[in-house]
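Shown next: protein16.txt, containing compact mmCIF, C-alpha atoms and all ligand atoms.
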```txt
# COMPACT_ATOMS: atom_id res chain seq x y z
CA VAL A 21 50.99 145.98 113.22
CA VAL A 22 54.49 147.41 113.30
CA ARG A 23 57.19 146.66 110.76
CA LYS A 24 59.88 145.19 112.99
CA GLU A 25 63.60 145.57 112.55
CA PHE A 26 65.61 142.39 112.02
CA PRO A 27 66.87 140.64 115.16
CA SER A 28 70.66 140.29 115.55
CA ILE A 29 70.53 136.51 115.07
CA LEU A 30 67.82 134.17 113.77
CA TYR A 31 67.12 130.54 114.54
CA GLY A 32 67.41 128.46 111.33
CA THR A 33 64.96 125.60 110.95
CA ALA A 34 66.36 123.62 108.00
CA TRP A 35 66.84 119.83 108.29
CA LYS A 36 65.23 119.54 111.72
CA LYS A 37 62.55 117.15 110.40
CA GLU A 38 60.20 115.95 113.14
CA ARG A 39 62.30 117.70 115.79
CA THR A 40 61.38 121.09 114.31
CA THR A 41 58.56 121.82 116.78
CA GLU A 42 60.58 120.98 119.86
CA LEU A 43 63.70 122.85 118.67
CA VAL A 44 61.90 126.03 117.63
CA GLU A 45 60.18 126.13 121.04
CA MET A 46 63.52 125.57 122.74
CA ALA A 47 65.18 128.33 120.72
CA ILE A 48 62.51 130.93 121.40
CA LYS A 49 62.24 130.03 125.08
CA SER A 50 66.03 130.32 125.34
CA GLY A 51 65.96 133.84 123.96
CA PHE A 52 66.01 133.78 120.16
CA THR A 53 63.50 136.31 118.87
CA GLY A 54 63.04 135.08 115.32
CA VAL A 55 63.03 132.09 112.99
CA ASP A 56 64.05 131.43 109.42
CA THR A 57 62.20 128.78 107.45
CA ALA A 58 61.03 128.11 103.87
CA CYS A 59 58.03 126.78 101.98
CA GLN A 60 60.22 123.91 100.77
CA PRO A 61 59.23 120.51 102.19
CA LYS A 62 62.47 119.04 100.86
CA HIS A 63 64.50 120.77 103.60
CA TYR A 64 62.08 122.53 105.96
CA GLU A 65 59.02 121.50 107.97
CA GLU A 66 57.21 124.83 107.79
CA PRO A 67 53.96 123.43 109.30
CA LEU A 68 55.93 122.26 112.35
CA VAL A 69 57.40 125.73 112.78
CA GLY A 70 53.76 126.87 112.88
CA GLU A 71 52.98 124.17 115.43
CA ALA A 72 55.80 125.46 117.64
CA LEU A 73 54.52 129.03 117.27
CA LYS A 74 51.05 127.92 118.33
CA ASN A 75 52.49 126.25 121.44
CA LEU A 76 54.57 129.34 122.22
CA TYR A 77 51.51 131.61 121.96
CA ASN A 78 49.71 129.24 124.32
CA SER A 79 52.51 129.64 126.80
CA GLY A 80 52.35 133.45 126.72
CA PHE A 81 54.41 134.63 123.75
CA GLN A 82 52.79 137.13 121.39
CA ARG A 83 52.98 137.16 117.61
CA GLU A 84 54.80 140.52 117.85
CA ASP A 85 57.52 138.93 120.01
CA ILE A 86 58.66 136.68 117.18
CA PHE A 87 60.18 137.68 113.86
CA ILE A 88 58.98 135.23 111.21
CA GLN A 89 60.95 134.87 108.00
CA THR A 90 60.21 132.36 105.26
CA LYS A 91 60.96 131.88 101.57
CA PHE A 92 59.42 131.26 98.20
CA THR A 93 61.41 128.41 96.68
CA PRO A 94 61.30 128.32 92.85
CA LEU A 95 60.39 125.03 91.18
CA GLY A 96 64.04 124.09 90.56
CA GLY A 97 64.67 123.97 94.32
CA GLN A 98 61.65 121.83 95.14
CA ASP A 99 61.37 118.07 95.45
CA PRO A 100 59.20 117.31 92.36
CA GLU A 101 57.16 114.88 94.48
CA ARG A 102 56.30 117.50 97.09
CA VAL A 103 55.90 120.90 95.45
CA PRO A 104 53.90 123.06 97.88
CA TYR A 105 52.10 124.93 95.05
CA ASN A 106 50.65 124.04 91.67
CA PRO A 107 53.67 123.83 89.32
CA GLU A 108 51.44 124.32 86.29
CA LEU A 109 50.64 127.89 87.31
CA SER A 110 52.50 131.00 86.16
CA LEU A 111 55.44 132.13 88.30
CA GLU A 112 53.38 134.89 89.89
CA GLU A 113 50.55 132.52 90.70
CA GLN A 114 52.98 129.98 92.15
CA MET A 115 54.33 132.71 94.41
CA GLU A 116 50.87 133.80 95.49
CA GLU A 117 50.01 130.20 96.34
CA SER A 118 53.28 129.66 98.16
CA LEU A 119 52.67 132.80 100.23
CA GLU A 120 49.19 131.64 101.21
CA VAL A 121 50.57 128.22 102.18
CA SER A 122 53.28 129.85 104.31
CA LEU A 123 50.77 132.12 106.07
CA LYS A 124 48.59 129.10 106.81
CA ASN A 125 51.51 126.90 107.90
CA LEU A 126 52.88 129.61 110.14
CA ARG A 127 49.43 130.54 111.49
CA THR A 128 49.91 134.23 110.85
CA GLU A 129 48.34 137.05 108.87
CA TYR A 130 51.68 138.58 107.92
CA LEU A 131 55.31 137.62 107.48
CA ASP A 132 58.02 139.84 108.89
CA SER A 133 60.27 138.83 106.02
CA TRP A 134 59.77 136.93 102.75
CA ILE A 135 62.72 135.89 100.61
CA ILE A 136 63.15 134.48 97.10
CA HIS A 137 65.20 131.36 97.84
CA SER A 138 67.35 131.77 94.73
CA PRO A 139 67.33 133.99 91.65
CA LEU A 140 65.21 132.74 88.74
CA ASN A 141 66.75 131.70 85.42
CA SER A 142 67.22 135.22 84.11
CA PHE A 143 67.25 138.76 85.41
CA GLY A 144 63.89 139.37 83.70
CA GLU A 145 62.25 136.42 85.46
CA THR A 146 63.73 137.47 88.79
CA LEU A 147 62.38 140.98 88.32
CA LYS A 148 58.97 139.50 87.52
CA ALA A 149 59.14 137.61 90.84
CA TRP A 150 60.26 140.82 92.56
CA ARG A 151 57.17 142.67 91.30
CA LEU A 152 55.02 140.01 92.96
CA MET A 153 57.02 140.40 96.21
CA GLU A 154 56.31 144.14 96.03
CA LYS A 155 52.59 143.44 95.64
CA ALA A 156 52.75 141.26 98.74
CA VAL A 157 54.25 144.16 100.69
CA GLU A 158 51.55 146.52 99.40
CA SER A 159 48.87 144.06 100.51
CA GLY A 160 50.27 144.12 104.06
CA LYS A 161 50.91 140.37 104.06
CA VAL A 162 54.68 140.85 104.05
CA HIS A 163 56.83 143.49 105.73
CA HIS A 164 60.37 142.96 104.43
CA ILE A 165 61.41 141.34 101.14
CA GLY A 166 64.71 139.98 99.93
CA VAL A 167 66.71 137.40 98.04
CA SER A 168 68.96 134.47 98.83
CA ASN A 169 71.80 132.65 97.08
CA LEU A 170 72.60 135.66 94.95
CA TYR A 171 76.35 136.03 94.61
CA SER A 172 76.64 138.39 91.65
CA PHE A 173 77.01 141.97 92.78
CA PRO A 174 76.01 143.50 89.40
CA PHE A 175 72.84 141.37 89.42
CA PHE A 176 71.99 142.42 92.97
CA GLU A 177 72.71 146.08 92.27
CA LYS A 178 70.53 145.99 89.14
CA LEU A 179 67.70 144.38 91.08
CA TYR A 180 68.06 147.04 93.75
CA ASN A 181 67.95 149.81 91.15
CA GLU A 182 64.92 148.41 89.34
CA ALA A 183 63.02 147.66 92.52
CA GLU A 184 60.25 150.01 93.58
CA ILE A 185 60.25 148.45 97.02
CA LYS A 186 63.91 147.88 97.79
CA PRO A 187 65.27 144.60 99.14
CA SER A 188 65.78 144.85 102.89
CA VAL A 189 67.63 141.56 103.14
CA ILE A 190 70.02 139.25 101.31
CA GLN A 191 70.75 135.77 102.67
CA ASN A 192 73.95 134.11 101.46
CA ARG A 193 76.43 131.38 102.20
CA PHE A 194 79.37 132.97 103.98
CA TYR A 195 82.38 131.33 102.38
CA SER A 196 85.64 131.99 100.60
CA GLN A 197 84.41 130.91 97.15
CA SER A 198 82.31 134.08 96.96
CA GLY A 199 85.11 136.20 98.41
CA TYR A 200 82.82 136.47 101.45
CA ASP A 201 80.60 138.77 99.37
CA THR A 202 82.80 141.77 100.13
CA GLU A 203 81.22 143.99 97.48
CA ILE A 204 77.67 142.94 98.27
CA ARG A 205 78.23 143.49 101.99
CA LYS A 206 79.64 146.96 101.40
CA PHE A 207 76.58 147.83 99.31
CA CYS A 208 74.31 146.44 102.04
CA LEU A 209 75.94 148.67 104.65
CA GLU A 210 75.52 151.72 102.40
CA LYS A 211 71.88 150.98 101.67
CA GLY A 212 70.79 149.68 105.06
CA ILE A 213 70.17 146.15 103.77
CA THR A 214 70.48 143.28 106.25
CA TYR A 215 73.12 140.75 105.18
CA GLN A 216 72.29 137.31 106.57
CA SER A 217 74.87 134.52 106.57
CA PHE A 218 74.57 130.75 106.57
CA TRP A 219 77.31 128.07 106.69
CA SER A 220 78.95 130.66 108.93
CA LEU A 221 80.69 128.02 111.05
CA THR A 222 80.68 125.00 108.78
CA ALA A 223 82.39 126.75 105.85
CA ASN A 224 85.02 128.35 108.06
CA PRO A 225 86.69 125.81 110.38
CA HIS A 226 90.11 127.15 109.31
CA HIS A 227 89.18 130.60 110.60
CA LEU A 228 87.77 129.20 113.84
CA ASN A 229 91.13 127.51 114.34
CA SER A 230 93.11 130.61 113.44
CA PHE A 231 95.44 132.26 115.91
CA SER A 232 93.36 135.47 115.98
CA VAL A 233 90.10 133.70 116.83
CA GLN A 234 91.73 131.34 119.33
CA LYS A 235 93.45 134.25 121.06
CA ALA A 236 90.17 136.15 121.42
CA SER A 237 88.48 132.99 122.61
CA ILE A 238 90.97 132.70 125.47
CA ARG A 239 90.82 136.41 126.26
CA TYR A 240 87.02 136.50 126.62
CA GLY A 241 86.66 132.98 128.00
CA VAL A 242 84.23 131.93 125.29
CA THR A 243 84.31 129.38 122.45
CA PRO A 244 85.76 130.11 119.00
CA ALA A 245 82.21 129.79 117.60
CA GLN A 246 81.06 132.55 119.95
CA ILE A 247 83.95 134.76 118.84
CA TRP A 248 83.09 134.08 115.20
CA TYR A 249 79.38 134.89 115.61
CA ARG A 250 80.18 138.01 117.64
CA PHE A 251 82.67 139.07 114.99
CA LEU A 252 80.03 138.66 112.27
CA ASN A 253 77.62 140.66 114.32
CA GLN A 254 80.08 143.48 114.77
CA LEU A 255 80.41 143.58 110.96
CA GLU A 256 76.60 143.97 111.00
CA ILE A 257 76.11 140.49 109.59
CA LEU A 258 73.10 138.55 110.86
CA PRO A 259 74.08 134.89 111.24
CA LEU A 260 71.44 132.18 110.91
CA ILE A 261 72.01 129.62 113.63
CA GLY A 262 70.57 126.15 113.19
CA THR A 263 72.06 124.37 116.18
CA THR A 264 70.20 121.42 117.67
CA SER A 265 71.89 121.82 121.06
CA LEU A 266 70.49 123.79 124.00
CA GLN A 267 74.04 124.43 125.21
CA HIS A 268 74.99 126.01 121.84
CA MET A 269 71.78 128.06 121.77
CA ARG A 270 72.69 129.51 125.16
CA GLU A 271 76.28 130.16 124.14
CA ASP A 272 75.22 131.85 120.91
CA LEU A 273 72.76 134.10 122.72
CA ALA A 274 75.52 135.02 125.18
CA ILE A 275 77.65 136.68 122.47
CA PHE A 276 75.97 139.97 123.30
CA LYS A 277 77.55 139.89 126.76
CA PHE A 278 80.98 140.82 125.43
CA GLU A 279 82.28 143.04 122.66
CA LEU A 280 85.40 142.65 120.55
CA GLU A 281 87.65 145.66 120.35
CA ASP A 282 88.06 147.40 117.00
CA ASP A 283 91.59 146.10 116.49
CA GLU A 284 90.40 142.54 117.18
CA VAL A 285 87.65 142.89 114.60
CA ILE A 286 90.16 144.24 112.09
CA GLU A 287 92.57 141.39 112.83
CA ILE A 288 89.88 138.75 112.32
CA GLU A 289 88.48 140.51 109.26
CA ALA A 290 91.92 140.26 107.67
CA LEU A 291 91.36 136.48 107.53
CA LEU A 292 88.62 137.10 104.96
N1 LIG A 301 69.03 130.23 101.94
C1 LIG A 301 69.57 129.04 101.86
O1 LIG A 301 69.71 128.45 100.78
C2 LIG A 301 70.05 128.36 103.11
C3 LIG A 301 70.96 127.29 103.02
C4 LIG A 301 71.42 126.72 104.20
C5 LIG A 301 70.96 127.17 105.42
N2 LIG A 301 70.05 128.18 105.49
C6 LIG A 301 69.52 128.65 106.79
O2 LIG A 301 70.59 128.79 107.69
C7 LIG A 301 70.35 128.02 108.87
C8 LIG A 301 71.67 127.58 109.46
O3 LIG A 301 72.27 126.61 108.64
P1 LIG A 301 73.85 126.45 108.49
O4 LIG A 301 74.04 125.58 107.31
O5 LIG A 301 74.47 127.79 108.51
O6 LIG A 301 74.37 125.69 109.73
P2 LIG A 301 73.79 125.29 111.14
O7 LIG A 301 72.55 124.51 110.90
O8 LIG A 301 73.72 126.49 111.99
O9 LIG A 301 74.87 124.27 111.65
C9 LIG A 301 75.96 124.65 112.43
C10 LIG A 301 76.79 123.42 112.77
O10 LIG A 301 77.78 123.81 113.67
C11 LIG A 301 77.67 123.08 114.89
N3 LIG A 301 78.02 123.99 116.02
C12 LIG A 301 79.09 123.88 116.82
N4 LIG A 301 79.11 124.86 117.74
C13 LIG A 301 78.05 125.62 117.53
C14 LIG A 301 77.55 126.78 118.15
N5 LIG A 301 78.11 127.36 119.18
N6 LIG A 301 76.41 127.31 117.65
C15 LIG A 301 75.81 126.73 116.59
N7 LIG A 301 76.23 125.63 115.97
C16 LIG A 301 77.35 125.07 116.44
C17 LIG A 301 76.25 122.61 114.93
O11 LIG A 301 76.15 121.43 115.71
P3 LIG A 301 75.07 121.33 116.90
O12 LIG A 301 73.72 121.10 116.27
O13 LIG A 301 75.55 120.13 117.64
O14 LIG A 301 75.13 122.58 117.68
C18 LIG A 301 75.98 122.35 113.45
O15 LIG A 301 76.48 121.08 113.08
C19 LIG A 301 69.44 126.89 108.37
O16 LIG A 301 68.69 126.30 109.39
C20 LIG A 301 68.55 127.65 107.41
O17 LIG A 301 67.57 128.37 108.13
C21 LIG A 301 69.61 128.79 104.35
```

Represent the structure contained in this file as structure tokens.
Amino acid sequence: VVRKEFPSILYGTAWKKERTTELVEMAIKSGFTGVDTACQPKHYEEPLVGEALKNLYNSGFQREDIFIQTKFTPLGGQDPERVPYNPELSLEEQMEESLEVSLKNLRTEYLDSWIIHSPLNSFGETLKAWRLMEKAVESGKVHHIGVSNLYSFPFFEKLYNEAEIKPSVIQNRFYSQSGYDTEIRKFCLEKGITYQSFWSLTANPHHLNSFSVQKASIRYGVTPAQIWYRFLNQLEILPLIGTTSLQHMREDLAIFKFELEDDEVIEIEALL
């Protein structure tokens, strides 16, 4: 089993409810090469992602063709009525259980990437969780590990420094309130950490409507959303794309057919 690199974009499976199976199949058949999900029944139907994977394997796809990323969601992020692990257990045991549930749901022996959905209540607790993530890597059940919803650079840097197995990914909301994570992204580039964005379109309608993005959209004959995703990609950001439309899936996959020039990237980056 090879430790795969991250794809350039991932299909996001949040809020798809009973359409999850159909949409994941559509995304992979259209050309997406990976999915993002979570062991969090409140927002994600992880078993239906697994159902889609099963159907895809039956139609000729191989496990190695698909990058599978899921998350451990701490108790605070779970619907108390539907916690996918025993909440009475210790944090480490909750994580072990959550991992086993994810592997079963996703019908796989290993995850390409496993993420802590949000930091725990303190740095110490988060580090405790990190140690368990490291154990999961050592066991071979997980290949890449990372964190999500972590907007404090000092916290992230400290975690990185204390980690024996370094984070290979951070997944954050891409919005102005965090200053678009400028410091974190710079650190990621230096350390070879994949920065994944969500809310990439929904938090940034003003930028999609900006002169710079509109101008590029006309020049390349593509939509502002395509310009925005391509721009993110040229900054080495991996956008999560949760569209429910086949047309949008195709458009988003087509962003690799054109390339923005350096001065266009700089002009758009100035919006941040
Ligand atoms: N770690 C976390 O806490 C966290 C939080 C939120 C999300 N996520 C992950 O990120 C994924 C993406 O979620 P998101 O909140 O960023 O938004 P999203 O689900 O990707 O939604 C994008 C919105 O933009 C619309 N859209 C218009 N043009 C589009 C285009 N060309 N391509 C794609 N969408 C287009 C979509 O509508 P149409 O459906 O009509 O295309 C949709 O309403 C989630 O599924 C999940 O995997 C993670």

Give one line per residue of chain A that approaches ligand LIG 301 (chain A) to at most 8 Å, naming the two atoms of the closest pair and their distance in Å to one decimal, counting all atoms listed in the file; sort by chain then ascending residue number and deliver it as a Markdown table.
```
| residue | atom | partner | partner_atom | distance |
| --- | --- | --- | --- | --- |
| A:Tyr31 | CA | A:LIG301 | O17 | 6.8 |
| A:Gly32 | CA | A:LIG301 | O16 | 3.2 |
| A:Thr33 | CA | A:LIG301 | O16 | 4.1 |
| A:Ala34 | CA | A:LIG301 | O16 | 3.8 |
| A:Trp35 | CA | A:LIG301 | O16 | 6.8 |
| A:Lys36 | CA | A:LIG301 | O16 | 7.9 |
| A:Val55 | CA | A:LIG301 | O17 | 7.6 |
| A:Asp56 | CA | A:LIG301 | O17 | 4.8 |
| A:Thr57 | CA | A:LIG301 | O17 | 5.4 |
| A:Ala58 | CA | A:LIG301 | O17 | 7.8 |
| A:His137 | CA | A:LIG301 | N1 | 5.7 |
| A:Ser138 | CA | A:LIG301 | O1 | 7.3 |
| A:Ser168 | CA | A:LIG301 | N1 | 5.3 |
| A:Asn169 | CA | A:LIG301 | O1 | 6.0 |
| A:Gln191 | CA | A:LIG301 | N1 | 5.8 |
| A:Asn192 | CA | A:LIG301 | N1 | 6.3 |
| A:Arg193 | CA | A:LIG301 | C3 | 6.9 |
| A:Ser217 | CA | A:LIG301 | O5 | 7.0 |
| A:Phe218 | CA | A:LIG301 | O5 | 3.5 |
| A:Trp219 | CA | A:LIG301 | O5 | 3.4 |
| A:Ser220 | CA | A:LIG301 | O5 | 5.3 |
| A:Leu221 | CA | A:LIG301 | O10 | 5.7 |
| A:Thr222 | CA | A:LIG301 | C10 | 5.8 |
| A:Thr243 | CA | A:LIG301 | N5 | 7.3 |
| A:Ala245 | CA | A:LIG301 | N5 | 5.0 |
| A:Gln246 | CA | A:LIG301 | N5 | 6.0 |
| A:Pro259 | CA | A:LIG301 | O5 | 7.6 |
| A:Leu260 | CA | A:LIG301 | O2 | 4.8 |
| A:Ile261 | CA | A:LIG301 | O8 | 3.9 |
| A:Gly262 | CA | A:LIG301 | O8 | 3.4 |
| A:Thr263 | CA | A:LIG301 | O12 | 3.7 |
| A:Thr264 | CA | A:LIG301 | O12 | 3.8 |
| A:Ser265 | CA | A:LIG301 | O14 | 4.7 |
| A:Leu266 | CA | A:LIG301 | O14 | 7.9 |
| A:Gln267 | CA | A:LIG301 | O14 | 7.8 |
| A:His268 | CA | A:LIG301 | N5 | 4.3 |
| A:Met269 | CA | A:LIG301 | N6 | 6.2 |
| A:Glu271 | CA | A:LIG301 | N5 | 6.0 |
| A:Asp272 | CA | A:LIG301 | N5 | 5.6 |
```

- Which residue gives the smallest distance to Lys235 of chain A among A:Ile29, A:Leu152, A:Leu273, A:Ile288, with all atoms listed in the file counted?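 Checking each candidate against Lys235 of chain A, we get A:Ile288 as the closest.
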
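With all atoms listed in the file taken into account, every residue lying no more than 12 Å from the file point (64.0, 131.1, 126.0) is included here: Tyr31, Leu43, Val44, Glu45, Met46, Ala47, Ile48, Lys49, Ser50, Gly51, Phe52, Thr53, Gly54, Leu76, Ser79, Gly80, Phe81, Asp85, Ile86, Leu266, Met269, Arg270 and Leu273 of chain A.
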
- Distance criterion (all atoms listed in the file): nearest to Leu119 of chain A out of A:Gln60, A:Phe87, A:Leu140, A:Gly97: A:Gln60

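The smallest atom-to-atom distance between Val285 of chain A and any of A:Leu258, A:Glu182, A:Leu147, A:Asn253, using all atoms listed in the file, is found for A:Asn253.
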
- Item | Shortest interatomic distance to Glu65 of chain A - which of A:Ser198, A:Ser133, A:Asn181, A:Thr40, counting all atoms listed in the file | A:Thr40

- Message: as a list in words, please: the residues near Glu120 of chain A (cut-off 12 Å, only C-alpha atoms, same-chain neighbours under 3 positions excluded).
- Response: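 What passes the distance filter is Cys59, Thr90, Lys91, Phe92, Pro104, Tyr105, Glu113, Gln114, Met115, Glu116, Glu117, Leu123, Lys124, Asn125, Leu126, Arg127, Thr128, Glu129, Tyr130, Leu131, Trp134, Ala156, Lys161 and Val162 of chain A.
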
- Task: Could you check which of A:Leu209, A:Val167, A:Ile286, A:Ile185 is closest to Val233 of chain A, using only C-alpha atoms?
- Result: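 That would be A:Ile286, the residue with the smallest distance to Val233 of chain A.
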
- Task: Take atom CA of Arg39 of chain A and atom CA of Gln82 of chain A and report the distance between them in Å, one decimal.
- Result: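 Pair atom CA of Arg39 of chain A / atom CA of Gln82 of chain A returns 22.3 Å.
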
- Determine, counting all atoms listed in the file, which protein, DNA and RNA residues have an atom within 8 Å of an atom of segment 163-166 of chain A; residues of the same chain fewer than 4 positions away are not included. Present the result as a PyMOL selection string. chain A and resi 23+130-136+153-154+157+186-191

- Might you pull out every residue within 10 Å of Gln234 of chain A, with only C-alpha atoms counted and same-chain residues fewer than 3 positions away left off, and present them as JSON, numbers by chain? {"A": [227, 228, 229, 230, 231, 237, 238, 239, 242, 243, 244, 245, 247, 248]}

- Task: Please measure the separation of atom CA of Ser122 of chain A and atom CA of Ser159 of chain A, giving the value in Å to one decimal.
- Result: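 Interatomic distance here is 15.4 Å.
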
- Task: In Å, rounded to a single decimal, give me how far atom CA of Cys208 of chain A is from atom CA of Phe143 of chain A.
- Result: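 Computed distance, atom CA of Phe143 of chain A to atom CA of Cys208 of chain A, equals 19.6 Å.
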
- Note on the structure: Using all atoms listed in the file, the shortest atom-to-atom distance to Ser232 of chain A among A:Asp99, A:Asp282, A:Glu158, A:Glu289 belongs to A:Glu289
